[in-house]
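Source file: final.txt (compact mmCIF, C-alpha atoms)
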```
# COMPACT_ATOMS: atom_id res chain seq x y z
CA MET A 1 0.00 0.00 0.00
CA LYS A 2 2.82 2.42 0.86
CA ILE A 3 4.50 1.71 -2.47
CA LYS A 4 1.30 2.47 -4.40
CA PHE A 5 0.82 5.70 -2.49
CA THR A 6 4.45 6.72 -3.09
CA LEU A 7 4.18 5.99 -6.81
CA LEU A 8 0.92 7.93 -7.03
CA LEU A 9 2.48 10.90 -5.24
CA LEU A 10 5.51 10.79 -7.54
CA PHE A 11 3.21 10.69 -10.57
CA PHE A 12 1.36 13.84 -9.45
CA VAL A 13 4.62 15.68 -8.76
CA LEU A 14 5.83 14.88 -12.28
CA ILE A 15 2.55 16.08 -13.82
CA ILE A 16 2.65 19.35 -11.88
CA ASN A 17 6.25 20.04 -12.89
CA ALA A 18 5.53 19.15 -16.52
CA GLN A 19 2.93 21.92 -16.73
CA PHE A 20 5.40 24.69 -15.93
CA LYS A 21 6.59 26.36 -19.14
CA GLU A 22 8.16 29.73 -18.56
CA PHE A 23 8.33 32.19 -21.43
CA LYS A 24 11.14 34.69 -21.66
CA PHE A 25 10.29 38.35 -22.14
CA GLY A 26 11.10 39.60 -25.64
CA LYS A 27 11.73 36.06 -26.94
CA ILE A 28 8.96 35.02 -29.30
CA SER A 29 8.72 32.03 -31.59
CA GLU A 30 8.29 32.05 -35.35
CA GLN A 31 4.89 30.41 -34.83
CA GLU A 32 3.75 33.28 -32.57
CA LEU A 33 4.96 35.86 -35.09
CA ASN A 34 3.17 34.23 -38.03
CA LEU A 35 -0.14 33.62 -36.25
CA THR A 36 -2.97 35.54 -37.97
CA GLN A 37 -5.98 33.48 -36.94
CA VAL A 38 -6.80 30.83 -34.36
CA PRO A 39 -8.46 27.62 -35.55
CA PHE A 40 -10.85 27.33 -32.60
CA GLU A 41 -12.35 30.83 -33.10
CA LYS A 42 -11.87 32.25 -36.58
CA ASN A 43 -13.26 35.71 -35.66
CA ALA A 44 -11.10 36.25 -32.55
CA ASP A 45 -9.77 39.80 -32.19
CA ALA A 46 -6.87 38.71 -29.99
CA VAL A 47 -5.58 35.50 -28.44
CA ILE A 48 -3.70 34.76 -25.24
CA LEU A 49 -0.53 32.98 -26.35
CA SER A 50 0.77 32.25 -22.88
CA GLU A 51 -0.29 32.90 -19.32
CA GLU A 52 1.27 31.71 -16.12
CA GLY A 53 0.91 32.44 -12.46
CA LYS A 54 2.97 31.59 -9.43
CA MET A 55 1.74 32.03 -5.89
CA ASP A 56 4.02 32.16 -2.87
CA LEU A 57 2.38 31.79 0.52
CA THR A 58 3.70 32.77 3.90
CA PRO A 59 1.90 32.35 7.22
CA SER A 60 0.17 35.73 6.83
CA ASN A 61 0.75 36.92 3.22
CA TYR A 62 0.49 35.84 -0.38
CA TYR A 63 2.38 36.97 -3.45
CA LEU A 64 0.92 36.22 -6.88
CA THR A 65 3.18 36.76 -9.91
CA VAL A 66 1.41 36.75 -13.28
CA LYS A 67 2.92 36.72 -16.78
CA ARG A 68 0.75 37.08 -19.88
CA ARG A 69 1.41 37.27 -23.64
CA ILE A 70 -1.31 38.31 -26.13
CA LYS A 71 -1.32 38.46 -29.94
CA ILE A 72 -3.41 41.22 -31.56
CA LEU A 73 -5.27 39.80 -34.57
CA THR A 74 -7.64 42.62 -35.67
CA GLU A 75 -8.14 46.38 -35.29
CA LYS A 76 -10.75 45.70 -32.62
CA GLY A 77 -8.17 43.59 -30.78
CA VAL A 78 -5.96 46.65 -30.26
CA GLU A 79 -8.23 47.43 -27.27
CA GLU A 80 -6.51 44.51 -25.47
CA ALA A 81 -3.49 46.79 -25.08
CA ASN A 82 -5.38 48.83 -22.44
CA ILE A 83 -4.82 46.97 -19.19
CA GLN A 84 -6.60 47.42 -15.87
CA LEU A 85 -5.44 45.34 -12.89
CA SER A 86 -7.89 45.65 -9.98
CA TYR A 87 -7.11 45.10 -6.34
CA TYR A 88 -8.84 45.51 -2.97
CA SER A 89 -7.60 48.82 -1.60
CA LYS A 90 -9.95 49.66 1.27
CA SER A 91 -7.75 48.17 3.99
CA LYS A 92 -4.53 48.99 2.09
CA ASN A 93 -3.34 45.40 2.57
CA GLU A 94 -3.47 44.42 -1.10
CA THR A 95 -1.15 45.99 -3.69
CA ILE A 96 -0.01 45.52 -7.26
CA GLY A 97 3.56 46.29 -8.27
CA SER A 98 6.59 45.17 -10.30
CA ILE A 99 4.72 45.89 -13.53
CA LYS A 100 6.78 45.38 -16.66
CA GLY A 101 5.68 44.97 -20.26
CA ASN A 102 6.64 45.09 -23.93
CA THR A 103 5.08 45.52 -27.32
CA ILE A 104 6.77 43.33 -29.90
CA ASN A 105 6.46 44.13 -33.61
CA THR A 106 8.28 42.93 -36.68
CA VAL A 107 9.22 45.52 -39.29
CA ASN A 108 10.97 44.32 -42.45
CA GLY A 109 11.92 41.07 -40.74
CA GLU A 110 13.42 42.84 -37.73
CA THR A 111 11.95 42.37 -34.25
CA ILE A 112 11.35 45.66 -32.44
CA VAL A 113 10.63 45.59 -28.69
CA SER A 114 9.00 48.68 -27.15
CA PRO A 115 8.81 48.60 -23.32
CA ILE A 116 6.06 50.32 -21.36
CA ASP A 117 7.17 53.43 -19.51
CA ASP A 118 6.82 53.38 -15.70
CA LYS A 119 5.52 56.95 -15.92
CA GLU A 120 2.55 55.66 -17.94
CA ILE A 121 1.28 53.37 -15.15
CA PHE A 122 -1.52 55.03 -13.20
CA ASP A 123 -3.22 54.14 -9.93
CA VAL A 124 -6.95 54.96 -10.06
CA LYS A 125 -9.73 54.56 -7.54
CA VAL A 126 -12.51 52.37 -8.97
CA ASN A 127 -14.91 52.65 -6.00
CA ASP A 128 -14.81 52.72 -2.18
CA LEU A 129 -13.40 49.18 -2.03
CA TYR A 130 -11.22 48.78 -5.11
CA SER A 131 -8.46 50.57 -6.98
CA ALA A 132 -6.69 49.61 -10.19
CA LYS A 133 -3.38 49.97 -11.96
CA ARG A 134 -3.97 51.14 -15.53
CA PHE A 135 -1.53 51.26 -18.40
CA THR A 136 -1.41 50.86 -22.14
CA PHE A 137 1.21 49.53 -24.52
CA PRO A 138 3.07 51.72 -27.04
CA ASN A 139 3.11 51.10 -30.80
CA VAL A 140 0.32 48.51 -30.82
CA LYS A 141 -1.14 47.50 -34.18
CA VAL A 142 -2.58 44.42 -35.83
CA GLY A 143 0.07 41.71 -35.59
CA SER A 144 1.66 43.07 -32.39
CA ILE A 145 2.42 40.83 -29.47
CA ILE A 146 2.03 42.38 -26.02
CA GLU A 147 3.46 40.81 -22.90
CA TYR A 148 3.43 41.89 -19.30
CA THR A 149 4.09 40.75 -15.77
CA TYR A 150 3.02 42.03 -12.37
CA GLN A 151 2.95 40.99 -8.73
CA LYS A 152 -0.17 41.18 -6.58
CA SER A 153 0.43 40.88 -2.87
CA SER A 154 -1.68 40.87 0.23
CA GLU A 155 -0.46 41.27 3.77
CA HIS A 156 -2.19 39.92 6.85
CA ASN A 157 -4.62 37.98 4.69
CA PHE A 158 -4.96 34.90 6.88
```

What is this structure when it is put down as structure tokens?
Amino acid sequence: MKIKFTLLLLFFVLIINAQFKEFKFGKISEQELNLTQVPFEKNADAVILSEEGKMDLTPSNYYLTVKRRIKILTEKGVEEANIQLSYYSKSKNETIGSIKGNTINTVNGETIVSPIDDKEIFDVKVNDLYSAKRFTFPNVKVGSIIEYTYQKSSEHNF
């Protein structure tokens, strides 16, 4: 019985580790560059190419790091370049920080990476309970790939 349990536990650990695929900022594949339509939704305006999250827990806090990469497929999809990250701000225990992002375009076969400017990230009050970090990507057009990362943290949550 102990051997079966150990093998089962090992199997789950291998599955969990196999699902972790980290993408590197600014490094895009030829397949991502050439994508113009997704087979599962022909009319999609944009598609999430990659998204990952990692949560670190401590006895009283959590830290969630999110990375996301999106391909813009149509003019309407350009709206995806306007990002709003909401967080609970009433008690001032939850925050969002470490925001970084890029717009990636190809011009005449050359990859051009345009980072977001820290001065263009705004903190706005949504209502009495929530605030949001808002930013937009530079030089976005049909065919652009946008990627960003941020960390959401909460203190004294448990």

task = Write out as a list in words each polymer residue whose atoms come within 10 Å of Leu85 in chain A, counting only C-alpha atoms; drop sequence neighbours fewer than 5 positions from it.
result = Ile96, Asp123, Ser131, Ala132, Lys133, Arg134, Phe135, Tyr150 and Lys152 of chain A

One-decimal distance in Å that lies between CA of Met55 in chain A and CA of Asn93 in chain A =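 Interatomic distance, CA of Asn93 in chain A to CA of Met55 in chain A: 16.6 Å.
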
task = Write out as JSON, numbers by chain each polymer residue whose atoms come within 10 Å of range 109-122 of chain A, counting only C-alpha atoms; drop sequence neighbours fewer than 6 positions from it.
result = {"A": [25, 26, 27, 28, 33, 83, 84, 98, 99, 100, 101, 102, 103, 132, 133, 134, 135, 136, 137, 138, 139, 140, 145, 146, 147, 148]}

Keeping C-alpha atoms for every residue in the selection just given, could you write it to a file as a PDB file, keeping the file's coordinate frame?
```pdb
ATOM      1  CA  PHE A  25      10.290  38.350 -22.140  1.00  0.00           C
ATOM      2  CA  GLY A  26      11.100  39.600 -25.640  1.00  0.00           C
ATOM      3  CA  LYS A  27      11.730  36.060 -26.940  1.00  0.00           C
ATOM      4  CA  ILE A  28       8.960  35.020 -29.300  1.00  0.00           C
ATOM      5  CA  LEU A  33       4.960  35.860 -35.090  1.00  0.00           C
ATOM      6  CA  ILE A  83      -4.820  46.970 -19.190  1.00  0.00           C
ATOM      7  CA  GLN A  84      -6.600  47.420 -15.870  1.00  0.00           C
ATOM      8  CA  SER A  98       6.590  45.170 -10.300  1.00  0.00           C
ATOM      9  CA  ILE A  99       4.720  45.890 -13.530  1.00  0.00           C
ATOM     10  CA  LYS A 100       6.780  45.380 -16.660  1.00  0.00           C
ATOM     11  CA  GLY A 101       5.680  44.970 -20.260  1.00  0.00           C
ATOM     12  CA  ASN A 102       6.640  45.090 -23.930  1.00  0.00           C
ATOM     13  CA  THR A 103       5.080  45.520 -27.320  1.00  0.00           C
ATOM     14  CA  ALA A 132      -6.690  49.610 -10.190  1.00  0.00           C
ATOM     15  CA  LYS A 133      -3.380  49.970 -11.960  1.00  0.00           C
ATOM     16  CA  ARG A 134      -3.970  51.140 -15.530  1.00  0.00           C
ATOM     17  CA  PHE A 135      -1.530  51.260 -18.400  1.00  0.00           C
ATOM     18  CA  THR A 136      -1.410  50.860 -22.140  1.00  0.00           C
ATOM     19  CA  PHE A 137       1.210  49.530 -24.520  1.00  0.00           C
ATOM     20  CA  PRO A 138       3.070  51.720 -27.040  1.00  0.00           C
ATOM     21  CA  ASN A 139       3.110  51.100 -30.800  1.00  0.00           C
ATOM     22  CA  VAL A 140       0.320  48.510 -30.820  1.00  0.00           C
ATOM     23  CA  ILE A 145       2.420  40.830 -29.470  1.00  0.00           C
ATOM     24  CA  ILE A 146       2.030  42.380 -26.020  1.00  0.00           C
ATOM     25  CA  GLU A 147       3.460  40.810 -22.900  1.00  0.00           C
ATOM     26  CA  TYR A 148       3.430  41.890 -19.300  1.00  0.00           C
TER      27      TYR A 148
END
```

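Of the listed residues A:Gln151, A:Ile104, A:Val66, A:Asn82, the one whose atoms come nearest to Ser29 in chain A is A:Ile104, with distances taken using only C-alpha atoms.
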
query = What lies within 10 Å of Leu57 in chain A using only C-alpha atoms, ignoring chain neighbours under 6 positions off, as a ChimeraX atom specification?
reply = /A:63-64,153-154

ask   = For Gly53 in chain A, which residue out of A:Tyr88, A:Arg68, A:Glu32, A:Phe40 is the nearest one, using all atoms listed in the file?
value =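 Nearest to Gly53 in chain A: A:Arg68.
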
message = For a test of reading the model, state the distance in Å between CA of Val38 in chain A and CA of Lys71 in chain A, rounded to one decimal.
response =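 Here the two named atoms are 10.4 Å from each other.
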
request  = Could you jot down the CA of Gly143 in chain A to CA of Thr74 in chain A separation for me, Å, one decimal place?
outcome  = 7.8 Å
